>>> print(open('work_33.cif').read())   # mmCIF, C-alpha atoms
data_start
#
loop_
_atom_site.label_atom_id
_atom_site.label_comp_id
_atom_site.auth_asym_id
_atom_site.auth_seq_id
_atom_site.Cartn_x
_atom_site.Cartn_y
_atom_site.Cartn_z
CA MET A 174 0.00 0.00 0.00
CA GLU A 175 2.91 2.32 0.72
CA THR A 176 4.09 1.89 -2.88
CA ASN A 177 0.67 2.90 -4.22
CA ILE A 178 0.68 6.01 -2.03
CA ASP A 179 4.20 6.99 -3.11
CA GLN A 180 3.25 6.58 -6.80
CA PHE A 181 0.18 8.74 -6.24
CA LEU A 182 2.16 11.51 -4.52
CA ASP A 183 4.72 11.46 -7.35
CA TYR A 184 1.85 11.86 -9.82
CA LEU A 185 0.44 14.84 -7.88
CA SER A 186 3.85 16.48 -7.70
CA LEU A 187 5.04 15.91 -11.27
CA GLU A 188 1.83 16.07 -13.31
CA ARG A 189 -0.47 18.27 -11.26
CA GLY A 190 2.14 20.51 -9.66
CA LEU A 191 0.55 20.59 -6.19
CA SER A 192 2.32 22.44 -3.38
CA LYS A 193 4.50 20.72 -0.78
CA ASN A 194 1.93 21.50 1.92
CA THR A 195 -0.87 19.85 -0.06
CA LEU A 196 1.29 16.81 -0.82
CA ALA A 197 2.20 16.46 2.85
CA ALA A 198 -1.47 16.64 3.88
CA TYR A 199 -2.48 14.01 1.29
CA GLY A 200 0.36 11.78 2.43
CA ARG A 201 -0.62 12.01 6.11
CA ASP A 202 -4.29 11.25 5.39
CA LEU A 203 -3.58 8.29 3.14
CA ASN A 204 -1.00 6.78 5.50
CA LYS A 205 -3.54 7.04 8.35
CA PHE A 206 -6.02 5.21 6.13
CA ALA A 207 -3.43 2.52 5.33
CA ARG A 208 -2.76 1.95 9.04
CA PHE A 209 -6.51 1.76 9.68
CA LEU A 210 -6.82 -0.92 6.97
CA LYS A 211 -3.91 -2.94 8.36
CA ARG A 212 -5.62 -3.08 11.74
CA ARG A 213 -8.52 -4.67 9.85
CA ARG A 214 -6.10 -7.14 8.28
CA ILE A 215 -6.51 -5.58 4.83
CA ALA A 216 -3.16 -5.65 3.04
CA SER A 217 -4.08 -4.21 -0.37
CA PHE A 218 -6.24 -1.40 -1.69
CA LYS A 219 -7.72 -4.01 -4.05
CA ASP A 220 -9.53 -5.50 -1.05
CA VAL A 221 -10.99 -2.22 0.22
CA GLU A 222 -14.77 -1.85 0.21
CA LYS A 223 -16.94 1.25 0.40
CA SER A 224 -17.77 0.48 4.05
CA ASP A 225 -14.05 0.60 4.93
CA VAL A 226 -13.85 4.18 3.65
CA THR A 227 -16.99 5.35 5.49
CA ASP A 228 -15.91 3.55 8.69
CA PHE A 229 -12.56 5.34 8.49
CA MET A 230 -14.34 8.70 8.18
CA PHE A 231 -16.42 8.01 11.29
CA PHE A 232 -13.30 6.75 13.07
CA GLN A 233 -11.57 10.06 12.33
CA LYS A 234 -14.61 12.04 13.49
CA ASP A 235 -14.80 10.04 16.74
CA LYS A 236 -11.13 10.87 17.37
CA GLY A 237 -12.10 14.53 17.45
CA LEU A 238 -11.10 15.66 13.97
CA SER A 239 -12.97 18.69 12.72
CA ALA A 240 -15.52 18.46 9.93
CA ASN A 241 -13.08 20.20 7.58
CA SER A 242 -10.32 17.69 8.38
CA VAL A 243 -12.65 14.74 7.76
CA ALA A 244 -13.78 16.30 4.48
CA ARG A 245 -10.13 16.81 3.46
CA CYS A 246 -9.43 13.15 4.25
CA LEU A 247 -12.28 12.05 2.02
CA ALA A 248 -11.15 14.38 -0.76
CA ALA A 249 -7.68 12.83 -0.63
CA MET A 250 -9.09 9.32 -0.82
CA LYS A 251 -11.38 10.19 -3.72
CA VAL A 252 -8.51 11.53 -5.80
CA PHE A 253 -6.36 8.58 -4.75
CA PHE A 254 -8.89 5.88 -5.72
CA ARG A 255 -9.60 7.68 -9.00
CA PHE A 256 -5.86 7.53 -9.72
CA LEU A 257 -5.67 3.79 -8.88
CA THR A 258 -8.64 3.08 -11.15
CA ARG A 259 -7.25 5.10 -14.04
CA GLU A 260 -3.88 3.35 -13.70
CA GLY A 261 -5.62 -0.03 -13.92
CA PHE A 262 -4.74 -1.13 -10.39
CA LEU A 263 -8.44 -1.16 -9.44
CA LYS A 264 -11.41 -2.15 -11.59
CA VAL A 265 -13.96 -0.02 -9.73
CA ASP A 266 -13.59 3.35 -8.00
CA ILE A 267 -15.37 2.57 -4.73
CA ALA A 268 -14.85 6.09 -3.27
CA SER A 269 -16.50 8.03 -6.10
CA VAL A 270 -20.05 7.71 -4.74
CA ILE A 271 -19.26 8.62 -1.12
CA GLU A 272 -20.36 12.06 0.05
CA THR A 273 -19.48 13.91 3.22
CA PRO A 274 -22.57 14.01 5.48
CA LYS A 275 -24.00 17.53 5.45
CA LEU A 276 -24.42 17.42 9.22
CA TRP A 277 -20.64 17.42 9.58
CA LYS A 278 -20.19 20.71 7.78
CA ASN A 279 -19.50 23.61 10.15
CA LEU A 280 -19.97 27.23 9.23
CA PRO A 281 -16.69 29.13 9.54
CA GLU A 282 -16.47 31.53 12.47
CA ALA A 283 -15.79 35.20 11.81
CA VAL A 284 -14.90 37.95 14.26
CA SER A 285 -16.78 41.24 14.50
CA PHE A 286 -15.61 44.59 13.11
CA ASP A 287 -14.80 45.77 16.65
CA GLU A 288 -12.77 42.64 17.38
CA VAL A 289 -10.81 43.08 14.15
CA ASP A 290 -10.06 46.70 15.14
CA LYS A 291 -8.81 45.55 18.55
CA LEU A 292 -6.61 42.84 17.02
CA LEU A 293 -5.12 45.08 14.34
CA GLY A 294 -4.54 47.83 16.89
CA ALA A 295 -2.67 45.56 19.31
CA PRO A 296 0.90 45.72 17.85
CA ASN A 297 3.20 48.37 19.33
CA LEU A 298 4.35 50.60 16.46
CA LYS A 299 7.24 51.97 18.53
CA ASP A 300 8.93 48.57 18.21
CA TRP A 301 10.18 47.01 14.95
CA ILE A 302 8.41 43.73 15.73
CA GLY A 303 5.15 45.58 16.15
CA VAL A 304 5.60 47.38 12.83
CA ARG A 305 6.19 44.08 11.04
CA ASP A 306 3.33 42.30 12.79
CA LYS A 307 0.97 45.21 12.12
CA ALA A 308 1.77 44.94 8.39
CA CYS A 309 1.14 41.17 8.48
CA LEU A 310 -2.23 41.47 10.21
CA GLU A 311 -3.43 44.38 8.09
CA LEU A 312 -2.46 42.54 4.91
CA MET A 313 -4.24 39.33 5.94
CA TYR A 314 -7.49 41.10 6.75
CA ALA A 315 -7.27 43.38 3.70
CA THR A 316 -6.80 40.53 1.21
CA GLY A 317 -8.10 37.29 2.76
CA LEU A 318 -4.88 35.47 1.84
CA ARG A 319 -4.29 31.95 3.07
CA VAL A 320 -1.48 31.70 5.60
CA SER A 321 0.77 29.85 3.11
CA GLU A 322 0.09 32.53 0.47
CA LEU A 323 1.08 35.31 2.84
CA VAL A 324 4.36 33.81 4.04
CA ASN A 325 5.33 33.02 0.43
CA LEU A 326 4.87 36.61 -0.72
CA GLY A 327 7.93 38.28 -2.17
CA VAL A 328 8.74 41.99 -2.07
CA ARG A 329 8.04 42.28 -5.80
CA ASP A 330 4.64 40.62 -5.43
CA VAL A 331 3.24 43.75 -3.75
CA ASN A 332 2.75 46.90 -5.82
CA LEU A 333 1.90 49.72 -3.42
CA ASP A 334 1.62 52.32 -6.17
CA LEU A 335 -1.11 50.34 -7.93
CA GLY A 336 -2.57 49.07 -4.67
CA VAL A 337 -2.52 45.36 -5.62
CA LEU A 338 -0.61 42.20 -4.85
CA LYS A 339 0.05 39.04 -6.82
CA CYS A 340 -0.09 35.68 -5.08
CA LEU A 341 0.22 32.03 -5.99
CA GLY A 342 -2.73 30.03 -4.65
CA LYS A 343 -3.78 26.38 -4.65
CA GLY A 344 -2.89 24.47 -7.79
CA SER A 345 -0.23 27.11 -8.57
CA LYS A 346 -2.98 29.47 -9.77
CA GLU A 347 -1.94 33.11 -9.78
CA ARG A 348 -4.39 35.85 -8.84
CA ILE A 349 -4.37 39.61 -8.28
CA VAL A 350 -5.90 40.99 -5.07
CA PRO A 351 -6.48 44.70 -4.31
CA LEU A 352 -5.10 46.43 -1.19
CA GLY A 353 -6.81 49.08 0.91
CA LYS A 354 -5.25 52.35 2.06
CA THR A 355 -4.69 51.15 5.64
CA ALA A 356 -2.87 47.99 4.55
CA LYS A 357 -0.72 49.96 2.08
CA THR A 358 0.31 52.40 4.83
CA ALA A 359 1.28 49.55 7.19
CA ILE A 360 3.30 47.72 4.52
CA ARG A 361 5.06 50.89 3.38
CA ARG A 362 6.04 51.67 6.99
CA TYR A 363 7.45 48.14 7.35
CA ASN A 364 9.26 48.21 3.98
CA ASP A 365 10.84 51.61 4.64
CA ASN A 366 11.81 51.29 8.30
CA VAL A 367 12.07 47.63 9.29
CA ARG A 368 12.69 45.17 6.47
CA PRO A 369 16.02 46.76 5.36
CA LYS A 370 17.36 46.15 8.89
CA LEU A 371 16.27 42.50 8.86
CA VAL A 372 17.73 41.51 5.48
CA LYS A 373 20.92 39.51 5.92
CA SER A 374 21.31 38.32 2.31
CA CYS A 375 20.57 40.03 -0.99
CA SER A 376 19.18 36.70 -2.23
CA GLU A 377 16.32 36.81 0.31
CA THR A 378 13.26 38.05 -1.58
CA GLY A 379 10.58 37.25 1.03
CA LEU A 380 8.41 40.14 2.16
CA PHE A 381 7.99 39.27 5.84
CA LEU A 382 11.22 38.33 7.62
CA THR A 383 12.28 37.14 11.07
CA ARG A 384 14.93 38.77 13.24
CA LEU A 385 17.44 36.33 11.68
CA GLY A 386 16.58 37.52 8.19
CA HIS A 387 14.70 34.38 7.14
CA ARG A 388 11.29 34.23 5.52
CA MET A 389 8.53 33.97 8.14
CA SER A 390 7.03 30.50 8.62
CA ARG A 391 3.36 29.52 8.82
CA GLN A 392 3.81 28.41 12.43
CA MET A 393 5.30 31.77 13.37
CA LEU A 394 2.33 33.63 11.89
CA TRP A 395 -0.05 31.46 13.93
CA LYS A 396 1.87 32.38 17.10
CA ILE A 397 1.79 36.09 16.22
CA ILE A 398 -2.00 36.06 15.88
CA LYS A 399 -2.39 34.11 19.14
CA ARG A 400 -0.19 36.64 20.95
CA TYR A 401 -2.14 39.67 19.76
CA THR A 402 -5.49 37.98 20.36
CA LYS A 403 -4.46 37.59 23.99
CA LYS A 404 -3.08 41.14 24.17
CA ALA A 405 -6.32 42.55 22.73
CA ARG A 406 -8.28 40.50 25.30
CA ILE A 407 -10.43 38.85 22.68
CA ASP A 408 -12.03 35.72 24.11
CA LYS A 409 -12.03 33.76 20.84
CA ASP A 410 -9.79 31.27 19.11
CA ILE A 411 -8.54 33.46 16.26
CA THR A 412 -6.36 31.84 13.60
CA PRO A 413 -5.05 33.02 10.21
CA HIS A 414 -8.06 31.30 8.64
CA THR A 415 -10.38 33.26 10.96
CA LEU A 416 -9.10 36.48 9.41
CA ARG A 417 -9.70 35.02 5.95
CA HIS A 418 -13.26 34.09 6.95
CA SER A 419 -13.80 37.55 8.43
CA PHE A 420 -12.52 39.23 5.26
CA ALA A 421 -15.10 37.38 3.14
CA THR A 422 -17.96 37.70 5.63
CA HIS A 423 -17.52 41.45 6.14
CA LEU A 424 -17.35 42.08 2.39
CA LEU A 425 -20.62 40.21 1.80
CA GLU A 426 -22.30 41.90 4.73
CA ARG A 427 -21.55 45.22 3.08
CA GLY A 428 -22.99 44.16 -0.25
CA ALA A 429 -20.02 42.75 -2.20
CA ASP A 430 -20.82 40.49 -5.15
CA LEU A 431 -20.26 36.78 -4.46
CA ARG A 432 -18.30 36.29 -7.71
CA VAL A 433 -15.92 39.10 -6.79
CA VAL A 434 -15.31 37.59 -3.34
CA GLN A 435 -14.73 34.20 -5.00
CA GLU A 436 -12.06 35.75 -7.22
CA MET A 437 -10.29 37.47 -4.33
CA LEU A 438 -10.32 34.32 -2.17
CA GLY A 439 -8.99 32.20 -5.04
CA HIS A 440 -11.80 29.63 -4.85
CA ALA A 441 -11.94 27.43 -7.95
CA ASN A 442 -15.63 26.68 -7.38
CA ILE A 443 -18.21 29.26 -6.30
CA SER A 444 -19.92 26.62 -4.13
CA THR A 445 -16.97 26.98 -1.75
CA THR A 446 -17.62 30.72 -1.49
CA GLN A 447 -21.37 30.26 -1.05
CA ILE A 448 -20.89 29.02 2.50
CA TYR A 449 -20.43 32.68 3.46
CA THR A 450 -23.96 33.48 2.28
CA HIS A 451 -25.18 31.04 4.95
CA ILE A 452 -23.25 33.01 7.58
CA ASN A 453 -24.94 36.19 6.39
CA LYS A 454 -28.38 34.57 6.67
CA GLU A 455 -27.64 33.36 10.21
CA ARG A 456 -26.54 36.86 11.21
CA LEU A 457 -29.72 38.39 9.78
CA LYS A 458 -31.82 35.85 11.64
CA SER A 459 -30.06 36.60 14.94
CA ILE A 460 -30.55 40.36 14.45
CA HIS A 461 -34.23 39.84 13.67
CA LYS A 462 -34.70 37.68 16.76
CA LYS A 463 -32.91 40.21 18.98
CA PHE A 464 -34.55 43.41 17.81
CA HIS A 465 -37.97 42.55 16.33
CA PRO A 466 -40.81 43.42 18.75
CA ARG A 467 -42.51 40.08 18.05
CA PRO A 468 -39.70 37.55 17.61
#
>>> encode(input="work_33.cif", output="structure tokens")
Amino acid sequence: METNIDQFLDYLSLERGLSKNTLAAYGRDLNKFARFLKRRRIASFKDVEKSDVTDFMFFQKDKGLSANSVARCLAAMKVFFRFLTREGFLKVDIASVIETPKLWKNLPEAVSFDEVDKLLGAPNLKDWIGVRDKACLELMYATGLRVSELVNLGVRDVNLDLGVLKCLGKGSKERIVPLGKTAKTAIRRYNDNVRPKLVKSCSETGLFLTRLGHRMSRQMLWKIIKRYTKKARIDKDITPHTLRHSFATHLLERGADLRVVQEMLGHANISTTQIYTHINKERLKSIHKKFHPRP
């Protein structure tokens, strides 16, 4: 089974050009599935039945995995079994007809406008770290970038004169996202006063750097957001993805077109973006219940 998984990951890397992060996630999910099968004394993917896949999904859910993680697991297995069928290793794609139960789907959580203001106002601009972190946070909320997209940004990917940035999203798809005035001011302050002091090598093209002059990691950005969430005394679990959710939710609440939000988020399918319309409906319902004289 390990050989099948390695062949599949090679295919994704060479022919579909998926990112290292995506390949690593697929590999982890499929190796978990392989271990699950071995505990059932199943030694080959040829012997897997539909019930084995669904049982694995419920097993993952019972272990406490989020709905999104379970859905990602299933997506990995669907692509994997499609590959095995196309390569002639399997006669029938047993995963193609399996759907993620709708009850498992959670609506993404967004933070309020006031909470965003508190978070973005938390960095100390008298300190170089605060200037850098302020630029990071403002950019994330202004553009809705994924955490991997933000840390991979290069200096030349951001055009402050035009007020846009260029980023490479999932599937190596490039998109252009506009920047607001506040984000541009924060980035310009960082570029002019902080980044030149952090650069240790002329070959380093990353936009956001650490004190050692290296490109910032995804894990570091998570820690930065956690630190300022605590400093701002916000009693919520805010992550980089929370800011992305908030970006989309706040745009739609103010009347933005769904197709435009889809383009800025880099969603290949508009059905992925449509989940934010459900958030909007829930918010309207809660407002109606709270303020209508006859709820």
>>> residues_near_point(input="work_33.cif", point="(-2.5, 38.8, -10.9)", cutoff="10 Å", atoms="all atoms listed in the file", output="list in words")
Asp330, Val337, Leu338, Lys339, Cys340, Leu341, Lys346, Glu347, Arg348, Ile349, Val350 and Pro351 of chain A
>>> resolve_selection(input="work_33.cif", expression="the PyMOL selection byres ((chain A and resi 412) around 10)", output="VMD selection string")
chain A and resid 320 394 to 399 402 409 to 411 413 to 418
>>> resolve_selection(input="work_33.cif", expression="the PyMOL selection byres ((chain A and resi 388) around 9)", output="CSV table (one decimal) with C-alpha atoms, in the frame of the given file")
chain,number,residue,atom,x,y,z
A,324,VAL,CA,4.4,33.8,4.0
A,325,ASN,CA,5.3,33.0,0.4
A,377,GLU,CA,16.3,36.8,0.3
A,378,THR,CA,13.3,38.0,-1.6
A,379,GLY,CA,10.6,37.2,1.0
A,380,LEU,CA,8.4,40.1,2.2
A,381,PHE,CA,8.0,39.3,5.8
A,382,LEU,CA,11.2,38.3,7.6
A,383,THR,CA,12.3,37.1,11.1
A,385,LEU,CA,17.4,36.3,11.7
A,386,GLY,CA,16.6,37.5,8.2
A,387,HIS,CA,14.7,34.4,7.1
A,389,MET,CA,8.5,34.0,8.1
A,390,SER,CA,7.0,30.5,8.6
>>> atom_distance(input="work_33.cif", atom1="CA of Lys251 (chain A)", atom2="CA of Glu222 (chain A)")
13.1 Å
>>> resolve_selection(input="work_33.cif", expression="the PyMOL selection byres ((chain A and resi 268) around 10)", output="number ranges by chain")
A: 221-227, 247-248, 250-255, 265-267, 269-272
>>> write_last_selection(input="work_33.cif", atoms="C-alpha atoms", output="PDB file, in the frame of the given file")
ATOM      1  CA  VAL A 221     -10.990  -2.220   0.220  1.00  0.00           C
ATOM      2  CA  GLU A 222     -14.770  -1.850   0.210  1.00  0.00           C
ATOM      3  CA  LYS A 223     -16.940   1.250   0.400  1.00  0.00           C
ATOM      4  CA  SER A 224     -17.770   0.480   4.050  1.00  0.00           C
ATOM      5  CA  ASP A 225     -14.050   0.600   4.930  1.00  0.00           C
ATOM      6  CA  VAL A 226     -13.850   4.180   3.650  1.00  0.00           C
ATOM      7  CA  THR A 227     -16.990   5.350   5.490  1.00  0.00           C
ATOM      8  CA  LEU A 247     -12.280  12.050   2.020  1.00  0.00           C
ATOM      9  CA  ALA A 248     -11.150  14.380  -0.760  1.00  0.00           C
ATOM     10  CA  MET A 250      -9.090   9.320  -0.820  1.00  0.00           C
ATOM     11  CA  LYS A 251     -11.380  10.190  -3.720  1.00  0.00           C
ATOM     12  CA  VAL A 252      -8.510  11.530  -5.800  1.00  0.00           C
ATOM     13  CA  PHE A 253      -6.360   8.580  -4.750  1.00  0.00           C
ATOM     14  CA  PHE A 254      -8.890   5.880  -5.720  1.00  0.00           C
ATOM     15  CA  ARG A 255      -9.600   7.680  -9.000  1.00  0.00           C
ATOM     16  CA  VAL A 265     -13.960  -0.020  -9.730  1.00  0.00           C
ATOM     17  CA  ASP A 266     -13.590   3.350  -8.000  1.00  0.00           C
ATOM     18  CA  ILE A 267     -15.370   2.570  -4.730  1.00  0.00           C
ATOM     19  CA  SER A 269     -16.500   8.030  -6.100  1.00  0.00           C
ATOM     20  CA  VAL A 270     -20.050   7.710  -4.740  1.00  0.00           C
ATOM     21  CA  ILE A 271     -19.260   8.620  -1.120  1.00  0.00           C
ATOM     22  CA  GLU A 272     -20.360  12.060   0.050  1.00  0.00           C
TER      23      GLU A 272
END
>>> residues_around(input="work_33.cif", residues="region 213-219 of chain A", least_positions_apart="5", cutoff="8 Å", atoms="all atoms listed in the file", output="list in words")
Met174, Phe262 and Leu263 of chain A
>>> write_last_selection(input="work_33.cif", atoms="C-alpha atoms", output="JSON list (two decimals), keeping the file's coordinate frame")
[["chain", "number", "residue", "atom", "x", "y", "z"],
["A", 174, "MET", "CA", 0.00, 0.00, 0.00],
["A", 262, "PHE", "CA", -4.74, -1.13, -10.39],
["A", 263, "LEU", "CA", -8.44, -1.16, -9.44]]
>>> axis_aligned_box(input="work_33.cif", around="region 435-443 of chain A", padding_each_side="5 Å", output="JSON")
{"center_x": -13.6, "center_y": 32.1, "center_z": -5.1, "size_x": 19.2, "size_y": 20.8, "size_z": 15.8}
>>> closest_residue(input="work_33.cif", among="A:Ala240, A:Asn364, A:Ala295, A:Thr258", to="Arg329 (chain A)", atoms="only C-alpha atoms")
A:Asn364
>>> atom_distance(input="work_33.cif", atom1="CA of Leu352 (chain A)", atom2="CA of Ala441 (chain A)")
21.3 Å
>>> residues_around(input="work_33.cif", residues="Ser285 (chain A)", least_positions_apart="4", cutoff="9 Å", atoms="all atoms listed in the file", output="VMD selection string")
chain A and resid 289 to 290 419 423
>>> residues_around(input="work_33.cif", residues="Ala308 (chain A)", least_positions_apart="4", cutoff="8 Å", atoms="only C-alpha atoms", output="PyMOL selection string")
chain A and resi 304+312+356+359-360+363
>>> closest_residue(input="work_33.cif", among="A:Cys246, A:Ala429, A:Leu371, A:Ile443", to="Lys205 (chain A)", atoms="all atoms listed in the file")
A:Cys246
>>> atom_distance(input="work_33.cif", atom1="CA of Arg259 (chain A)", atom2="CA of Tyr184 (chain A)")
12.1 Å
>>> closest_residue(input="work_33.cif", among="A:Ala244, A:Arg189, A:Lys357, A:Arg305", to="Pro369 (chain A)", atoms="all atoms listed in the file")
A:Arg305
>>> closest_residue(input="work_33.cif", among="A:Lys403, A:Lys307, A:Lys236, A:Lys299", to="Thr355 (chain A)", atoms="all atoms listed in the file")
A:Lys307
>>> closest_residue(input="work_33.cif", among="A:Gln180, A:Thr316, A:Ser345, A:Asn366", to="Ala421 (chain A)", atoms="only C-alpha atoms")
A:Thr316
>>> closest_residue(input="work_33.cif", among="A:Glu322, A:Ala249, A:Thr176, A:Leu335", to="Ala197 (chain A)", atoms="all atoms listed in the file")
A:Ala249
